[in-house]
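One structure is given here, and the rest of the page talks about it.
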Amino acid sequence: MTNERTLKRPEVLAPAGTLEKLKTAIHYGADAVYIGGNAYGLRSRAGNFTKEDMIEGVAFAKEHGAKVYVAANMVTHEGNQEGAGDFFREIRDVGISAVIVSDPALIEICAAEAPGLPIHLSTQASATNYETLEFWKNEGLERVVLAREVSMEEVAEIRKNTDVEIEAFIHGAMCISYSGRCTLSNHMSMRDANRGGCSQSCRWKYELYDMPFGAERTSLTDKGEVEEEFSMSAVDMAMIQHIPELIQNGVDSFKIEGRMKSIHYVSTVANVYKKAVDTYMEDPENYECKQEWIDELWKVAQRELSTGFYYHVPTDEEQLFGERRKIPQYKFIGEVMAYDSETKIATIRQRNHFSVGDEIEFYGPGFNHFHQTVEVMYNEENELIDRAPNPMMILTMPVEKPVAVGDMIRKKK
């Protein structure tokens with residue numbers, strides 16, 4: 001496709017489980033972030049936002065030309081929807097740009113009781129065809145987050161037949177169940193996956209047993225008949241090598257999964273996809289995916305990476321059976337709090353242990369990187385130290401190139 005709509009710049013949409021992650025994501029290039037409020041979301045342990053947090057987050061986002069969306073995508077049982085009107089009015093009034101919902105009851109309540117708050121359909125609603133998108137458009141929704149099971153061919157067909165905004169996942173964890181509709185957690189840990197309590201039972205290790213009738217069961221893992229413990233865990237998605245096709249097929253918003261992930265993860269992934277989108281939009285004809293972008297994503301990858309359902313139905317190659325085949329080689333060790341350009345001294349807040357002699361990497365927004373060896377460092381009393389063992393301790397050290405507040409530091413494990 002080469003029409004004008006095709007070359008619309010897509011929004012890079014990052015997860016923000018906390019206020020700190022919201023600011024980090026936007027600082028590192030996200031055009032928008034999605035957060036959880038204190039109700040109706042699916043990540044009860046994601047450090048969900050209070051009203052005060054939302055006000056501060058929205059102010060920060062507006063200052064940087066970004067948007068904030070709230071996920072309220074739970075499946076409501078009887079009584080769960082009580083107070084939803086007040087909740088939607090509150091987030092509308094603090095300046096939230098849209099709410100992401102899957103339950104038709106919550107959609108109706110939001111539309112009726114919080115007019116003016118745009119509604120996006122959650123991926124939990126399993127939208128997989130353009131007729132479905134048209135239905136929701138007629139209900140007043142501006143955007144649909146496609147089911148993660150939609151293929152690239154189907155994305156193209158959907159875009160040809162509807163002008164509803166399309167949001168699609170392009171990076172992060174993949175649920176083993178269809179569009180997150182799963183009750184494993186309900187049965188195995190008494191935590192309702194569809195009301196915010198998923199314990200990720202699919203990520204657990206399982207054993208296989210031989211259970212002959214009337215005999216004692218025996219573990220096939222222990223007997224060596226199965227090499228690894230069996231898991232139904234899906235690998236993660238990464239579409240970094242397919243940015244042009246996503247843009248050409250009219251995807252309006254590139255969604256990164258991970259409200260539970262660290263600021264190291266959020267900053268790295270947002271940085272990479274923003275760089276890729278900017279590079280493509282500047283010169284589509286000569287665009288090429290750079291190996292350094294792929295390498296960068298591997299520095300924070302949690303699992304193996306694949307293209308999910310975009311090009312084929314995932315096979316056993318897109319599942320984790322036993323041990324990981326590739327493990328991240330880097331860990332997040334600190335962030336820059338201040339920099340003196342005259343003395344070339346950086347003030348750093350430690351996040352993980354590191355020592356004199358370690359080779360470390362600084363990185364910042366715009367895909368700026370450099371490596372150096374830690375030659376010397378000082379604690380807050382300006383005493384010479386040879387290691388930084390204490391979490392969140394403040395230290396200073398000379399740096400070989402200029403750095404900025406908010407730059408991150410990592411090192412190879």
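Ligands are numbered from 1 in the order shown, residues from 1 within each chain, and chains are lettered A, B, ... in the order they appear in the structure tokens.
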What lies within 6 Å of range 246-256 of chain A using only C-alpha atoms, ignoring chain neighbours under 4 positions off, as an MDAnalysis selection string?
chainID A and resid 1 6 10:14 156 165:172
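For the choices A:Asn286, A:Ser97, A:Asn352, A:Thr347, the atom-to-atom distance to Pro391 in chain A is smallest for A:Asn352 when using only C-alpha atoms.
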Residue neighbourhood Ser267 in chain A, 9 Å, only C-alpha atoms, exclusion window fewer than 2 positions, as a list in words:
Lys21, Thr24, Ala25, Ile26, His27, Tyr28, Gly29, Ala30, Ser262, Ile263, His264, Tyr265, Val269, Ala270, Asn271, Val272, Gly364, Pro365 and Met408 of chain A
Limited to N, CA and C atoms, could you put the picked residues into a file as an mmCIF file, in the first residue's frame?
```cif
data_model
loop_
_atom_site.group_PDB
_atom_site.id
_atom_site.type_symbol
_atom_site.label_atom_id
_atom_site.label_comp_id
_atom_site.auth_asym_id
_atom_site.auth_seq_id
_atom_site.Cartn_x
_atom_site.Cartn_y
_atom_site.Cartn_z
ATOM 1 N N LYS A 21 7.805 5.147 36.012
ATOM 2 C CA LYS A 21 7.858 4.504 34.690
ATOM 3 C C LYS A 21 7.195 5.371 33.629
ATOM 4 N N THR A 24 9.719 7.993 32.758
ATOM 5 C CA THR A 24 10.826 7.373 32.030
ATOM 6 C C THR A 24 10.429 7.069 30.587
ATOM 7 N N ALA A 25 9.260 6.466 30.392
ATOM 8 C CA ALA A 25 8.801 6.104 29.045
ATOM 9 C C ALA A 25 8.710 7.326 28.139
ATOM 10 N N ILE A 26 8.131 8.402 28.655
ATOM 11 C CA ILE A 26 7.979 9.622 27.856
ATOM 12 C C ILE A 26 9.340 10.263 27.588
ATOM 13 N N HIS A 27 10.197 10.270 28.590
ATOM 14 C CA HIS A 27 11.552 10.814 28.432
ATOM 15 C C HIS A 27 12.318 10.073 27.344
ATOM 16 N N TYR A 28 12.053 8.773 27.217
ATOM 17 C CA TYR A 28 12.759 7.951 26.238
ATOM 18 C C TYR A 28 11.996 7.792 24.924
ATOM 19 N N GLY A 29 11.008 8.652 24.677
ATOM 20 C CA GLY A 29 10.443 8.717 23.339
ATOM 21 C C GLY A 29 9.016 8.283 23.150
ATOM 22 N N ALA A 30 8.375 7.732 24.177
ATOM 23 C CA ALA A 30 6.989 7.298 24.007
ATOM 24 C C ALA A 30 6.083 8.490 23.711
ATOM 25 N N SER A 262 10.459 -3.161 34.460
ATOM 26 C CA SER A 262 11.292 -2.145 35.109
ATOM 27 C C SER A 262 11.476 -0.897 34.238
ATOM 28 N N ILE A 263 12.054 0.176 34.859
ATOM 29 C CA ILE A 263 12.367 1.363 34.064
ATOM 30 C C ILE A 263 13.482 1.059 33.060
ATOM 31 N N HIS A 264 14.331 0.107 33.362
ATOM 32 C CA HIS A 264 15.368 -0.329 32.411
ATOM 33 C C HIS A 264 14.702 -0.875 31.144
ATOM 34 N N TYR A 265 13.714 -1.729 31.329
ATOM 35 C CA TYR A 265 12.989 -2.327 30.196
ATOM 36 C C TYR A 265 12.229 -1.259 29.412
ATOM 37 N N VAL A 269 13.118 -0.296 25.461
ATOM 38 C CA VAL A 269 12.195 -0.688 24.386
ATOM 39 C C VAL A 269 11.560 0.543 23.727
ATOM 40 N N ALA A 270 11.140 1.528 24.529
ATOM 41 C CA ALA A 270 10.572 2.753 23.954
ATOM 42 C C ALA A 270 11.612 3.462 23.090
ATOM 43 N N ASN A 271 12.845 3.513 23.559
ATOM 44 C CA ASN A 271 13.941 4.156 22.842
ATOM 45 C C ASN A 271 14.160 3.514 21.464
ATOM 46 N N VAL A 272 14.170 2.189 21.443
ATOM 47 C CA VAL A 272 14.431 1.454 20.192
ATOM 48 C C VAL A 272 13.313 1.679 19.181
ATOM 49 N N GLY A 364 20.969 6.938 26.649
ATOM 50 C CA GLY A 364 19.979 7.974 26.879
ATOM 51 C C GLY A 364 19.002 8.078 25.719
ATOM 52 N N PRO A 365 18.011 8.961 25.807
ATOM 53 C CA PRO A 365 17.033 9.146 24.739
ATOM 54 C C PRO A 365 17.714 9.457 23.410
ATOM 55 N N MET A 408 20.580 6.280 31.654
ATOM 56 C CA MET A 408 20.658 5.024 32.414
ATOM 57 C C MET A 408 22.035 4.386 32.240
#
```
Within 12 Å of Asp192 in chain A using only C-alpha atoms, minus same-chain residues under 2 positions, as a PyMOL selection string:
chain A and resi 41-44+74-77+180-190+194-201
